[in-house]
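Comments concern the structure below.
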Amino acid sequence: MQKFLVILLILFVSVTMSAQDVTGQWYGILKVQGTQLRLVFNVTKSGTVLSSTMDSPDQGAKGIPVTKTTFENSKIKFEVSNALIEYNGELKNDEIVGTFKQASQEFPMNLSRKEIEKEVIKRSQEPTKPYSYYSEDVIFPNAKANISLAGTLTLPKKDGNYPVVILISGSGAQNRDGELLGHKPFLVISDYLTKNGIAVLRYDDRGFGKSTGNFETATSADFATDVESAVTYLKTRKEINPKKIGLMGHSEGGIIAPMVAAKSKDISFIVLLAGTGIQGDKIVLLQQKLIAKANGAPEMEIKKSVEGNAKLLEMVVQSNNDEKLKSELRNHLNELIKDNSDKEIPQGMTKEQYISLRVSVITSPWMQYFLKYNPQAVLEKVKCPVLAVNGEKDLQVPPKENLTAIKNALIKGVNKNVTTIEFPNLNHLFQESTTGSPTEYDKIEQTFSPVALDEITKWIQKQTN
């Protein structure tokens, strides 16, 4: 009898194991440097074959093909080969405990059948509801691109007629709060301005959050049409003074704001937060050099790396043929890493994967546009009042080179209302910082310098009173 019970138990365990079902939706939160990114794996089965897709809701991406899905002995593996993504986990009850890997970086990430909420990170400067002002979620169209943009309009009071600022985000898909590395700078800026009598419109970037469209194929020029649509929408609101519409752009947003102001009489002022004044390829090389130095890289290593990248960027700037460019870049990268592949290629990547990834990034529509774009010609056409501010320790858009170039271009264009400010100790995000390195961003409690906020607000009030 005892032997029979053991056999039954063995059979029961075998049946249970074979009946494990991984089909359906699996939810996870990827946490990287203070940023939380929701991921969803959608698993289906045809006969004995498993297949999957991956969603990244916070990036507006759905149905990303998973190249390979395997499940054996409670172990599951997802591979997205073109993005160098690999997830390895073990099914334990209704949870998969595992690791998300992209290129050479690994992060723990568990998956659940139940949707997981992001962990709320509360920063001291973030406002809490109920707000002391009126806040309304809005949707407005970009007819030119056939998309809709979702955002939030804040007004000092529900009724009235107010000057307004449109917030324009920097590079990379961001939501209306400008959420980045555990901070929400646009929420903080919006709150401060609205409490000081200035309405604010902020919105999710196209293809992100609740906005429609394709972010991946868009360039700064496309994003400029989103801003133009925001202006058109605000002119329909009785609470907004149509003669006092201003733009405030951070980083790439500081490129976009002048694009719109240069050809629109509807813009009464612009604020450039770490905006660029020199061509994109030069910005990238300066960034690389300064960040590497702040992170302690040896001078000779920095020099060699910058020289190698300078040639790559020059090839992009000079090119007008994508296929030829990709071929030339591959050949050049092969030469660059020929004798130093161990140092150049991240662990866990093949040489071909590394080269393909770099070529893909550098030839994307956005990157090509950015590298070739020189903002000076457009800045010369901006006639409305301009405030350009930067942090002394900004390593991504170095202040001296860019503030000087912005000021010179505006003066050359005979703009009579130009103010530039370099704030001591502030980094690219306008946080009080030690070195300015991006590695500090998520570790700093401050979201946006109160001193900078106050100066910017006073300047706007001066233009709108």
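Following the order of the structure tokens, first chain is A, next is B, and so on, with residues numbered from 1 inside each chain and ligands from 1 in the order they appear.
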
Open item on the list: Based on the backbone DSSP call, show me all residues of range 157-248 of chain A assigned strand (DSSP E or B), as a VMD selection string.
Closed with: chain A and resid 162 to 168 180 183 199 to 203 240 to 248

For range 249-357 of chain A versus range 71-92 of chain A, which residues have an atom no more than 10 Å away, and what is each residue's nearest atom pair and distance in Å rounded to one decimal, using only C-alpha atoms, chain-then-number order, as a Markdown table?
| residue | atom | partner | partner_atom | distance |
| --- | --- | --- | --- | --- |
| A:Gly348 | CA | A:Leu84 | CA | 9.6 |
| A:Met349 | CA | A:Leu84 | CA | 8.1 |
| A:Gln353 | CA | A:Leu84 | CA | 7.6 |
| A:Tyr354 | CA | A:Leu84 | CA | 9.3 |
| A:Ser356 | CA | A:Asn82 | CA | 8.8 |
| A:Leu357 | CA | A:Ala83 | CA | 7.9 |

- [ ] Excluding Val389 in chain A and any residue of its chain fewer than 5 positions from it, enumerate the residues within 8 Å of it, using only C-alpha atoms, and give them as a VMD selection string.
- [x] chain A and resid 271 to 275 403 420 to 423

- [ ] Could you check which of A:Ser327, A:Ser364, A:Ser264, A:Thr48 is closest to Lys381 in chain A, using only C-alpha atoms?
- [x] A:Ser264

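Taking only C-alpha atoms, the non-local environment of Thr419 in chain A within 8 Å (same-chain residues fewer than 2 positions away omitted) comprises Val386, Leu387, Ala388, Lys407, Asn417 and Ile421 of chain A.
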
With a cut-off of 9 Å, could you pull out the residues of range 295-319 of chain A touching range 278-290 of chain A and give me the nearest pair of atoms for each, distance in Å to one decimal, using only C-alpha atoms, ordered by chain and ascending number, as CSV?
residue,atom,partner,partner_atom,distance
A:Asn295,CA,A:Leu290,CA,8.6
A:Ile302,CA,A:Lys289,CA,6.3
A:Lys303,CA,A:Lys289,CA,7.9
A:Ser305,CA,A:Lys289,CA,8.7
A:Val306,CA,A:Leu285,CA,6.3
A:Glu307,CA,A:Leu285,CA,8.9
A:Asn309,CA,A:Leu285,CA,7.5
A:Ala310,CA,A:Leu285,CA,6.9
A:Leu313,CA,A:Asp281,CA,6.2
A:Glu314,CA,A:Asp281,CA,7.8
A:Val317,CA,A:Asp281,CA,7.8

Task: Surrounding residues of Ser211 in chain A excluding itself and chain neighbours under 3 positions, 9 Å, only C-alpha atoms, as a PyMOL selection string - done: chain A and resi 60+139+147-151+203-208

- [ ] Enter the distance from CA of Ala297 in chain A to CA of Lys338 in chain A, in Å, rounded to one decimal.
- [x] 21.6 Å

TODO: Could you please write out, as an MDAnalysis selection string, every residue of range 183-213 of chain A that DSSP assigns to helix (DSSP H, G or I)?
DONE: chainID A and resid 185:195

Resulting file, chosen residues, C-alpha atoms, as a tab-separated table (two decimals), in the first residue's frame:
chain	number	residue	atom	x	y	z
A	185	PRO	CA	10.76	68.18	-13.20
A	186	PHE	CA	7.87	69.33	-15.40
A	187	LEU	CA	5.40	68.66	-12.59
A	188	VAL	CA	7.54	70.74	-10.23
A	189	ILE	CA	7.98	73.58	-12.76
A	190	SER	CA	4.28	73.57	-13.65
A	191	ASP	CA	3.27	73.73	-10.00
A	192	TYR	CA	5.59	76.66	-9.26
A	193	LEU	CA	4.63	78.71	-12.31
A	194	THR	CA	0.89	78.16	-11.83
A	195	LYS	CA	1.10	79.22	-8.17

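Between CA of Arg113 in chain A and CA of Gln20 in chain A the interatomic distance comes to 13.6 Å.
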
Task: Residue nearest Glu115 in chain A among A:Gly98, A:Gly28, A:Pro242, A:Pro141 (counting only C-alpha atoms) - done: A:Gly28

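Note that CA of Val359 in chain A and CA of Lys311 in chain A are 13.4 Å apart.
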
TODO: Can you pull out every residue within 10 Å of Gly246 in chain A, counting only C-alpha atoms, but drop anything in the same chain fewer than 5 positions away, and send it as a ChimeraX atom specification?
DONE: /A:163-167,200,231,257,261,266-271,384-386,460,463-464

Writer output for current selection, N, CA, C and O atoms, as a PDB file, in the first residue's frame:
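Generated output (out-v1.pdb):
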ATOM      1  N   PRO A 163      -1.420  84.456 -18.884  1.00  0.00           N
ATOM      2  CA  PRO A 163      -0.294  84.081 -19.747  1.00  0.00           C
ATOM      3  C   PRO A 163      -0.044  82.594 -19.567  1.00  0.00           C
ATOM      4  O   PRO A 163      -0.407  82.019 -18.537  1.00  0.00           O
ATOM      5  N   VAL A 164       0.573  81.966 -20.568  1.00  0.00           N
ATOM      6  CA  VAL A 164       0.759  80.519 -20.500  1.00  0.00           C
ATOM      7  C   VAL A 164       2.146  80.118 -20.996  1.00  0.00           C
ATOM      8  O   VAL A 164       2.726  80.789 -21.854  1.00  0.00           O
ATOM      9  N   VAL A 165       2.641  79.032 -20.451  1.00  0.00           N
ATOM     10  CA  VAL A 165       3.908  78.444 -20.895  1.00  0.00           C
ATOM     11  C   VAL A 165       3.642  77.012 -21.345  1.00  0.00           C
ATOM     12  O   VAL A 165       2.980  76.246 -20.644  1.00  0.00           O
ATOM     13  N   ILE A 166       4.160  76.662 -22.524  1.00  0.00           N
ATOM     14  CA  ILE A 166       4.121  75.273 -23.003  1.00  0.00           C
ATOM     15  C   ILE A 166       5.472  74.646 -22.692  1.00  0.00           C
ATOM     16  O   ILE A 166       6.515  75.174 -23.090  1.00  0.00           O
ATOM     17  N   LEU A 167       5.473  73.520 -21.976  1.00  0.00           N
ATOM     18  CA  LEU A 167       6.720  72.837 -21.631  1.00  0.00           C
ATOM     19  C   LEU A 167       7.066  71.823 -22.716  1.00  0.00           C
ATOM     20  O   LEU A 167       6.222  71.031 -23.137  1.00  0.00           O
ATOM     21  N   VAL A 200       0.086  76.705 -17.397  1.00  0.00           N
ATOM     22  CA  VAL A 200       1.082  75.804 -17.993  1.00  0.00           C
ATOM     23  C   VAL A 200       0.384  74.653 -18.712  1.00  0.00           C
ATOM     24  O   VAL A 200      -0.553  74.055 -18.180  1.00  0.00           O
ATOM     25  N   VAL A 231       0.018  75.288 -29.399  1.00  0.00           N
ATOM     26  CA  VAL A 231      -0.269  76.727 -29.505  1.00  0.00           C
ATOM     27  C   VAL A 231      -1.665  76.934 -30.103  1.00  0.00           C
ATOM     28  O   VAL A 231      -2.463  77.733 -29.590  1.00  0.00           O
ATOM     29  N   ALA A 257      11.991  74.913 -29.297  1.00  0.00           N
ATOM     30  CA  ALA A 257      11.324  76.194 -29.018  1.00  0.00           C
ATOM     31  C   ALA A 257      11.702  77.285 -30.029  1.00  0.00           C
ATOM     32  O   ALA A 257      10.804  77.963 -30.565  1.00  0.00           O
ATOM     33  N   ALA A 261       9.276  79.480 -32.541  1.00  0.00           N
ATOM     34  CA  ALA A 261       9.244  80.939 -32.363  1.00  0.00           C
ATOM     35  C   ALA A 261       9.729  81.684 -33.599  1.00  0.00           C
ATOM     36  O   ALA A 261       9.270  82.797 -33.885  1.00  0.00           O
ATOM     37  N   ASP A 266       2.761  84.066 -32.911  1.00  0.00           N
ATOM     38  CA  ASP A 266       1.952  83.771 -31.725  1.00  0.00           C
ATOM     39  C   ASP A 266       2.820  83.592 -30.471  1.00  0.00           C
ATOM     40  O   ASP A 266       2.283  83.584 -29.357  1.00  0.00           O
ATOM     41  N   ILE A 267       4.115  83.417 -30.635  1.00  0.00           N
ATOM     42  CA  ILE A 267       5.002  83.173 -29.492  1.00  0.00           C
ATOM     43  C   ILE A 267       5.537  84.506 -28.966  1.00  0.00           C
ATOM     44  O   ILE A 267       6.212  85.243 -29.688  1.00  0.00           O
ATOM     45  N   SER A 268       5.254  84.790 -27.695  1.00  0.00           N
ATOM     46  CA  SER A 268       5.655  86.098 -27.147  1.00  0.00           C
ATOM     47  C   SER A 268       6.973  86.043 -26.372  1.00  0.00           C
ATOM     48  O   SER A 268       7.575  87.068 -26.122  1.00  0.00           O
ATOM     49  N   PHE A 269       7.423  84.832 -25.995  1.00  0.00           N
ATOM     50  CA  PHE A 269       8.727  84.685 -25.329  1.00  0.00           C
ATOM     51  C   PHE A 269       9.113  83.208 -25.310  1.00  0.00           C
ATOM     52  O   PHE A 269       8.252  82.327 -25.434  1.00  0.00           O
ATOM     53  N   ILE A 270      10.411  82.939 -25.157  1.00  0.00           N
ATOM     54  CA  ILE A 270      10.862  81.560 -24.993  1.00  0.00           C
ATOM     55  C   ILE A 270      11.918  81.479 -23.896  1.00  0.00           C
ATOM     56  O   ILE A 270      12.692  82.412 -23.682  1.00  0.00           O
ATOM     57  N   VAL A 271      11.913  80.350 -23.196  1.00  0.00           N
ATOM     58  CA  VAL A 271      12.913  80.052 -22.164  1.00  0.00           C
ATOM     59  C   VAL A 271      13.636  78.774 -22.575  1.00  0.00           C
ATOM     60  O   VAL A 271      12.994  77.742 -22.817  1.00  0.00           O
ATOM     61  N   CYS A 384      11.352  87.362 -30.563  1.00  0.00           N
ATOM     62  CA  CYS A 384      10.692  87.540 -29.266  1.00  0.00           C
ATOM     63  C   CYS A 384      11.728  87.488 -28.140  1.00  0.00           C
ATOM     64  O   CYS A 384      12.869  87.036 -28.347  1.00  0.00           O
ATOM     65  N   PRO A 385      11.394  87.943 -26.919  1.00  0.00           N
ATOM     66  CA  PRO A 385      12.315  87.872 -25.782  1.00  0.00           C
ATOM     67  C   PRO A 385      12.778  86.441 -25.505  1.00  0.00           C
ATOM     68  O   PRO A 385      11.973  85.497 -25.591  1.00  0.00           O
ATOM     69  N   VAL A 386      14.061  86.299 -25.180  1.00  0.00           N
ATOM     70  CA  VAL A 386      14.638  84.976 -24.933  1.00  0.00           C
ATOM     71  C   VAL A 386      15.407  84.965 -23.615  1.00  0.00           C
ATOM     72  O   VAL A 386      16.232  85.849 -23.356  1.00  0.00           O
ATOM     73  N   ILE A 460       9.744  85.626 -16.608  1.00  0.00           N
ATOM     74  CA  ILE A 460       8.497  85.444 -17.348  1.00  0.00           C
ATOM     75  C   ILE A 460       7.459  86.485 -16.937  1.00  0.00           C
ATOM     76  O   ILE A 460       6.767  87.076 -17.780  1.00  0.00           O
ATOM     77  N   GLN A 463       8.005  89.687 -18.622  1.00  0.00           N
ATOM     78  CA  GLN A 463       7.617  89.718 -20.042  1.00  0.00           C
ATOM     79  C   GLN A 463       6.091  89.775 -20.220  1.00  0.00           C
ATOM     80  O   GLN A 463       5.609  90.253 -21.259  1.00  0.00           O
ATOM     81  N   THR A 464       5.359  89.304 -19.232  1.00  0.00           N
ATOM     82  CA  THR A 464       3.907  89.148 -19.405  1.00  0.00           C
ATOM     83  C   THR A 464       3.072  90.188 -18.644  1.00  0.00           C
ATOM     84  O   THR A 464       1.851  90.215 -18.796  1.00  0.00           O
TER      85      THR A 464
END

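Nearest-residue note for Val40 in chain A: choosing from A:Pro424, A:Pro450, A:Pro65, A:Gly209, the minimum distance belongs to A:Pro65, counting only C-alpha atoms.
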